[in-house]
Amino acid sequence: MLRYELKKILAGKGNRIALFLLVVFWGVSCYCAVTDIDVNFTDGQGKSGYGYFAAQKLREAQKAWMGPLTEETVAAVIEKNARIIATPEYNADDAARSNIAYGWMQDYRDIRNIINCAFCEFRTYDYYRINSLTPADAADFYPNRLAALKTWLDTEAKDLYSDEEKAFFIDHYENMKTPLYYTWKQGWESLLEHAAMPQMFLVLTLSFVAAGLFAGEFSNRADAVFFTACHGRGKAIKAKIGAGVLFVTGAYWIVWGAYSLFVLGTLGADGASCMIQTGLGGWKSFYNISYGQLYLLASFGGYAGALFFLFLTMLVSAWSRSATVAVTVPFVLIFLPSVLDNLGSDWMSKLTGLLPDQLFQMDLAVRYFNLYCVGGRLMGALPILFTVYTALALLCLPVCYRVFRRAGIGR
Amino acid sequence: MELRLEHVTKRFLDLTAVSDVSTVLDNGVYGLLGVNGAGKTTLMRMLCTLIRPTAGRILWEGEDIFEMNMRYRKLLGYLPQDFGFYPDFCAQDYLMYIASIKGLRPAVAKARVEELLHRVGLYQVRQKKMKKFSGGMKRRVGIAQAVLNDPKLLILDEPTSGLDPKERIRFRNLIGELSQDRIVLLSTHIVSDVANVAKGIFLMKDGKICHEGSMEKILREAPVKVWCCRVSGKEADACLNRYQVANFKTDDQGCELRILSEEKPTADAIEETPTLEDVFLYYFGEKAGNEDAAL
Ligand SMILES: Nc1ncnc2c1ncn2[C@@H]1O[C@H](COP(=O)(O)OP(=O)(O)OP(=O)(O)O)[C@@H](O)[C@H]1O
Ligand SMILES: [Mg+2]
């Protein structure tokens with residue numbers, strides 16, 4: 001039963017087109033991830049390149065700074081930067097020459113980013129901040145992270161959070177172990193930054209498959225034969241759901257796995273144990289996790305998201321008996337948040353932080369300063385996202401079964 | 001084997017599609033005859049548990065079919081009027097799939113599917129996608145799926161619609177073969193489909209079974225006489241206006257008419273024995289006078 005149900009999915013022309021598109025989108029996602037702006041390498045002549053070879057060279061260049069990111073390292077970076085900005089190349093007006101100076105800076109580019117973060121105010125970022133620092137400032141590098149947070153909480157964000165919430169942030173900041181360990185981690189960074197792409201494309205293309213799963217019986221007018229078969233109101237529906245689960249699961253892990261392998265294979269898989277605070281995006285995060293852990297979050301978050309969106313699509317398809325109606329569900333749910341975000345209030349941000357599309361954007365989700373109180377305990381959005389949407393996804397299945405089983409008979 | 005209908009009624013909003021139908025079926029082939037919209041499909045969908053009667057009960061061996069649930073569906077084979085399938089499946093996969101949801105064990109299913117593909121003459125094209133099949137081939141797959149589980153109750157809703165005369169004869173023979181040791185109920189508005197094979201006939205009109213019984217009984221009870229006469233073209237027009245005309249043949253010498261009437265229509269008219277077709281026309285009047293009925 002299950003076997004033929006799967007075969008039915010794979011035989012469908014529309015489904016084959018969807019799968020073909022999925023492969024295309026997978027390729028696009030991989031391309032985008034490995035040609036990320038952060039992977040460019042500028043050679044001695046000031047020419048830039050992207051991709052595998054750029055990554056190799058960049059990694060070679062950055063090797064010098066690998067290891068614990070101590071005050072001494074920070075001081076050395078500041079000092080090197082000061083030397084470069086004094087050169088005639090750096091101050092040259094023509095782009096080709098200044099590009100050469102840029103090339104000298106790229107080995108400490110990552111560290112420069114977080115130094116800029118550390119010495120700016122909490123919600124600002126100034127790319128040239130490092131230029132006005134002296135090696136002596138290095139001592140403030142780690143203390144500044146906490147200080148900036150505290151200042152922000154006392155001023156701008158004064159009325160945004162309760163005292164417990166403020167304490168929660170400060171506590172998590174203090175829990176970060178210093179010094180951070182710095183190593184080449186571009187593979188993980190690019191992979192995570194572009195993770196939403198393969199995951200959302202997967203959901204959008206597979207939603208056509210999921211929408212047809214139940215609605216197809218009606219649109220093909222095959223429902224009469226289906227429901228009059230011995231198992232038509234029982235096991236056969238379970239087989240359908242089973243086929244849906246297997247299909248989504250298989251497709252997700254294949255696409256996600258292939259994407260991960262491709263990106264890590266191209267840019268390098270080292271740096272899994274490096275903390276996300278060593279990156280520009282992660283410096284301010286209050287989640288003290290490594291890139292490897294963030295990857296796991298993104299993997300399972302994406303899986304939970306795919307299950308949620310596609311099971312919901314299946315449910316709507318069983319209920320509405322229309323694939324068209326069902327297919328709009330994931331599209332709306334994925335694009336709605338960006339509309340809401342544009343309304344841009346703090347209250348709205350707290351809400352959009354819990355919408356299911358966040359599961360595909362773990363990279364961003366770990367940066368939001370939204371706290372929620374559940375059962376008297378404060379927590380970030382992640383635990384809520386995971387439990388709520390996994391539960392909802394699983395809940396969709398029995399509901400789906402009941403809805404489809406009752407089709408026609410009425411009461 | 002016994003299928004009993006007790007006051008079965010189905011109402012859709014303000015329309016009563018099936019109204020107070022009571023009857024009993026046992027072994028054999030039954031024909032359900034009625035014009036479009038008579039309620040044949042609605043009645044059959046209830047017999048297949050696809051919709052629930054608004055009132056009344058349907059019993060199999062004394063047990064309510066909706067309560068029997070799976071046990072009843074195990075005995076059931078159904079070919080819907082608008083038989084739908086999965087266009088990208090080939091005939092073999094389609095039948096294997098239906099066999100699986102009908103609860104046939106894989107080994108049994110394989111042999112059974114092969115046998116039926118031979119039987120309906122589709123073995124050669126078993127790997128072809130069903131969307132490429134002709135209407136007749138699709139119907140044949142439909143019949144094959146209906147009998148996959150060797151049903152005790154086989155319900156066929158207009159199984160011959162859209163078939164050419166050759167296919168129709170082939171189908172009639174197939175029904176003959178299949179009719180042993182089971183109840184076959186088939187609906188049609190084409191009289192000749194059932195005229196010779198049916199053990200019992202139901203004439204359905206406006207949701208009601210207005211006449212039922214063996215063919216002889218129905219023919220006997222119909223208060224109609226059939227006359228055959230030759231008339232000129234002018235007279236023919238007059239006859240068409242005055243009488244129900246079952247058949248109409250024109251040639252050089254004039255027209256030959258087959259007229260349903262209590263009285264003798266013309267002096268030289270010859271009385272003939274009524275056929276089921278005549279009776280059908282008599283009961284259902286103008287509505288039935290479509291060209292299909294002549295086939
Ligand atoms: N789901 C429904 N909702 C409302 N009315 C319906 C529904 N199904 C059937 N009907 C109505 O019930 C009546 C009987 O329809 P049914 O399909 O049973 O007739 P039929 O004898 O099968 O006709 P045909 O020879 O055209 O197949 C029709 O008037 C039809 O419009
Ligand atoms: Mg009908």
# chains A, B, ... in the order shown; residues from 1 in each chain; ligands from 1
call {"tool": "residues_near_ligand", "arguments": {"ligand": "ligand 1", "cutoff": "6 Å", "atoms": "only C-alpha atoms and all ligand atoms", "output": "MDAnalysis selection string"}}
result
chainID B and resid 12 17 35:42
call {"tool": "residues_around", "arguments": {"residues": "range 313-323 of chain A", "least_positions_apart": "3", "cutoff": "7 Å", "atoms": "only C-alpha atoms", "output": "JSON, numbers by chain"}}
result
{"A": [207, 210, 211, 212, 213, 214, 215, 218, 309, 310, 326, 327, 329, 330, 396, 400, 403, 404]}
call {"tool": "residues_around", "arguments": {"residues": "Leu203 in chain B", "least_positions_apart": "5", "cutoff": "12 Å", "atoms": "only C-alpha atoms", "output": "count of residues only"}}
result
35
call {"tool": "interface_residues", "arguments": {"of": "chain B", "to": "chain A", "cutoff": "9 Å", "atoms": "only C-alpha atoms", "output": "JSON, numbers by chain"}}
result
{"B": [45, 48, 49, 50, 51, 52, 69, 70, 71, 72, 73, 74, 75, 76, 77, 78, 79, 80, 82, 83, 84, 85, 86, 87, 88, 89, 93, 94, 96, 97, 98, 99, 100, 101, 102, 103, 145, 146]}
call {"tool": "closest_residue", "arguments": {"among": "B:Thr160, B:Ala109, B:Ile58, B:Leu3", "to": "ligand 2", "atoms": "only C-alpha atoms and all ligand atoms"}}
result
B:Thr160
call {"tool": "atom_distance", "arguments": {"atom1": "CA of Gly305 in chain A", "atom2": "CA of Met200 in chain A"}}
result
9.0 Å
call {"tool": "select_by_dssp", "arguments": {"residues": "range 42-214 of chain B", "states": "strand (DSSP E)", "output": "ChimeraX atom specification"}}
result
/B:55-60,63-64,76-79,153-157,183-188,200-205,208-213
call {"tool": "residues_around", "arguments": {"residues": "range 292-302 of chain A", "least_positions_apart": "3", "cutoff": "8 Å", "atoms": "only C-alpha atoms", "output": "MDAnalysis selection string"}}
result
chainID A and resid 188 192 195 199 256 271:274 276 289 305:306 359:363 386
call {"tool": "write_last_selection", "arguments": {"atoms": "all heavy atoms", "output": "short mmCIF file (atom, residue, chain, number, x, y, z; two decimals), in the first residue's frame"}}
result
data_model
loop_
_atom_site.label_atom_id
_atom_site.label_comp_id
_atom_site.auth_asym_id
_atom_site.auth_seq_id
_atom_site.Cartn_x
_atom_site.Cartn_y
_atom_site.Cartn_z
N TRP A 188 30.73 27.08 7.79
CA TRP A 188 29.53 27.08 8.64
C TRP A 188 28.77 28.39 8.53
O TRP A 188 27.55 28.41 8.47
CB TRP A 188 29.92 26.82 10.10
CG TRP A 188 30.55 25.48 10.29
CD1 TRP A 188 31.87 25.22 10.44
CD2 TRP A 188 29.89 24.22 10.30
NE1 TRP A 188 32.09 23.87 10.55
CE2 TRP A 188 30.88 23.23 10.47
CE3 TRP A 188 28.56 23.82 10.18
CZ2 TRP A 188 30.58 21.87 10.53
CZ3 TRP A 188 28.27 22.48 10.24
CH2 TRP A 188 29.26 21.51 10.41
N LEU A 192 25.02 28.55 7.18
CA LEU A 192 23.92 28.95 8.06
C LEU A 192 23.24 30.22 7.58
O LEU A 192 22.03 30.36 7.67
CB LEU A 192 24.45 29.12 9.49
CG LEU A 192 24.83 27.81 10.15
CD1 LEU A 192 25.71 28.02 11.36
CD2 LEU A 192 23.56 27.04 10.54
N ALA A 195 20.92 29.22 4.88
CA ALA A 195 20.14 28.00 5.13
C ALA A 195 18.66 28.15 4.80
O ALA A 195 18.01 27.21 4.38
CB ALA A 195 20.28 27.58 6.59
N GLN A 199 15.85 25.48 2.47
CA GLN A 199 14.74 25.00 3.29
C GLN A 199 13.41 25.57 2.83
O GLN A 199 12.42 24.85 2.73
CB GLN A 199 15.00 25.33 4.76
CG GLN A 199 16.17 24.52 5.32
CD GLN A 199 16.47 24.85 6.77
OE1 GLN A 199 15.98 25.83 7.31
NE2 GLN A 199 17.29 24.03 7.40
N TRP A 256 18.88 18.90 2.34
CA TRP A 256 19.66 19.58 3.36
C TRP A 256 21.06 18.97 3.47
O TRP A 256 22.06 19.67 3.57
CB TRP A 256 18.93 19.53 4.71
CG TRP A 256 19.69 20.16 5.84
CD1 TRP A 256 20.25 19.52 6.90
CD2 TRP A 256 19.98 21.56 6.00
NE1 TRP A 256 20.87 20.43 7.72
CE2 TRP A 256 20.72 21.69 7.20
CE3 TRP A 256 19.70 22.70 5.27
CZ2 TRP A 256 21.18 22.92 7.67
CZ3 TRP A 256 20.16 23.93 5.73
CH2 TRP A 256 20.89 24.03 6.92
N GLY A 271 35.83 24.53 12.26
CA GLY A 271 35.22 25.61 13.02
C GLY A 271 33.89 25.25 13.64
O GLY A 271 33.19 26.11 14.16
N ALA A 272 33.54 23.95 13.62
CA ALA A 272 32.25 23.55 14.18
C ALA A 272 32.17 23.86 15.67
O ALA A 272 31.10 24.16 16.20
CB ALA A 272 32.01 22.06 13.95
N SER A 273 33.33 23.82 16.36
CA SER A 273 33.28 24.05 17.80
C SER A 273 33.52 25.51 18.17
O SER A 273 33.56 25.88 19.34
CB SER A 273 34.29 23.15 18.49
OG SER A 273 35.57 23.45 17.96
N CYS A 274 33.69 26.33 17.16
CA CYS A 274 33.90 27.75 17.37
C CYS A 274 32.58 28.40 17.81
O CYS A 274 31.53 28.08 17.28
CB CYS A 274 34.34 28.30 16.01
SG CYS A 274 35.07 29.88 16.05
N ILE A 276 29.50 31.02 18.19
CA ILE A 276 28.93 31.94 17.20
C ILE A 276 29.26 33.39 17.52
O ILE A 276 29.17 34.25 16.66
CB ILE A 276 27.39 31.77 17.07
CG1 ILE A 276 26.69 32.05 18.39
CG2 ILE A 276 27.04 30.40 16.53
CD1 ILE A 276 25.17 32.16 18.25
N ILE A 289 26.35 29.30 22.10
CA ILE A 289 26.45 28.03 21.37
C ILE A 289 27.53 28.13 20.30
O ILE A 289 27.94 29.23 19.90
CB ILE A 289 25.11 27.64 20.70
CG1 ILE A 289 24.59 28.80 19.85
CG2 ILE A 289 24.08 27.21 21.72
CD1 ILE A 289 23.34 28.47 19.07
N GLY A 305 10.23 22.68 10.72
CA GLY A 305 9.49 23.63 9.89
C GLY A 305 8.90 22.96 8.67
O GLY A 305 7.73 23.17 8.34
N ALA A 306 9.71 22.12 8.01
CA ALA A 306 9.21 21.43 6.82
C ALA A 306 8.03 20.54 7.19
O ALA A 306 7.01 20.52 6.49
CB ALA A 306 10.33 20.59 6.19
N LEU A 359 11.85 29.04 12.00
CA LEU A 359 12.53 27.75 12.04
C LEU A 359 13.54 27.61 10.90
O LEU A 359 14.48 26.84 10.98
CB LEU A 359 11.51 26.61 11.96
CG LEU A 359 10.67 26.44 13.22
CD1 LEU A 359 9.45 25.57 12.94
CD2 LEU A 359 11.50 25.82 14.34
N PHE A 360 13.31 28.36 9.83
CA PHE A 360 14.22 28.33 8.70
C PHE A 360 15.30 29.40 8.83
O PHE A 360 16.12 29.56 7.94
CB PHE A 360 13.47 28.53 7.39
CG PHE A 360 12.37 27.55 7.18
CD1 PHE A 360 11.12 27.95 6.78
CD2 PHE A 360 12.58 26.19 7.39
CE1 PHE A 360 10.10 27.04 6.59
CE2 PHE A 360 11.57 25.27 7.21
CZ PHE A 360 10.32 25.70 6.81
N GLN A 361 15.24 30.18 9.89
CA GLN A 361 16.18 31.30 10.02
C GLN A 361 16.83 31.30 11.39
O GLN A 361 16.90 32.32 12.06
CB GLN A 361 15.44 32.62 9.79
CG GLN A 361 14.58 32.56 8.57
CD GLN A 361 14.05 33.92 8.17
OE1 GLN A 361 14.77 34.90 8.19
NE2 GLN A 361 12.80 33.95 7.80
N MET A 362 17.31 30.13 11.77
CA MET A 362 17.96 29.99 13.06
C MET A 362 19.08 31.01 13.23
O MET A 362 19.32 31.55 14.29
CB MET A 362 18.56 28.58 13.19
CG MET A 362 17.52 27.55 13.50
SD MET A 362 16.77 27.95 15.06
CE MET A 362 15.15 27.31 14.82
N ASP A 363 19.75 31.25 12.12
CA ASP A 363 20.85 32.19 12.08
C ASP A 363 20.41 33.57 12.59
O ASP A 363 21.14 34.25 13.31
CB ASP A 363 21.31 32.28 10.62
CG ASP A 363 22.56 33.09 10.47
OD1 ASP A 363 23.46 32.88 11.30
OD2 ASP A 363 22.62 33.92 9.56
N PHE A 386 10.65 25.30 18.72
CA PHE A 386 10.83 23.87 18.52
C PHE A 386 9.65 23.07 19.05
O PHE A 386 9.09 22.24 18.34
CB PHE A 386 12.13 23.39 19.16
CG PHE A 386 13.29 23.48 18.22
CD1 PHE A 386 14.00 24.65 18.09
CD2 PHE A 386 13.64 22.40 17.44
CE1 PHE A 386 15.06 24.75 17.20
CE2 PHE A 386 14.70 22.48 16.55
CZ PHE A 386 15.42 23.66 16.43
#
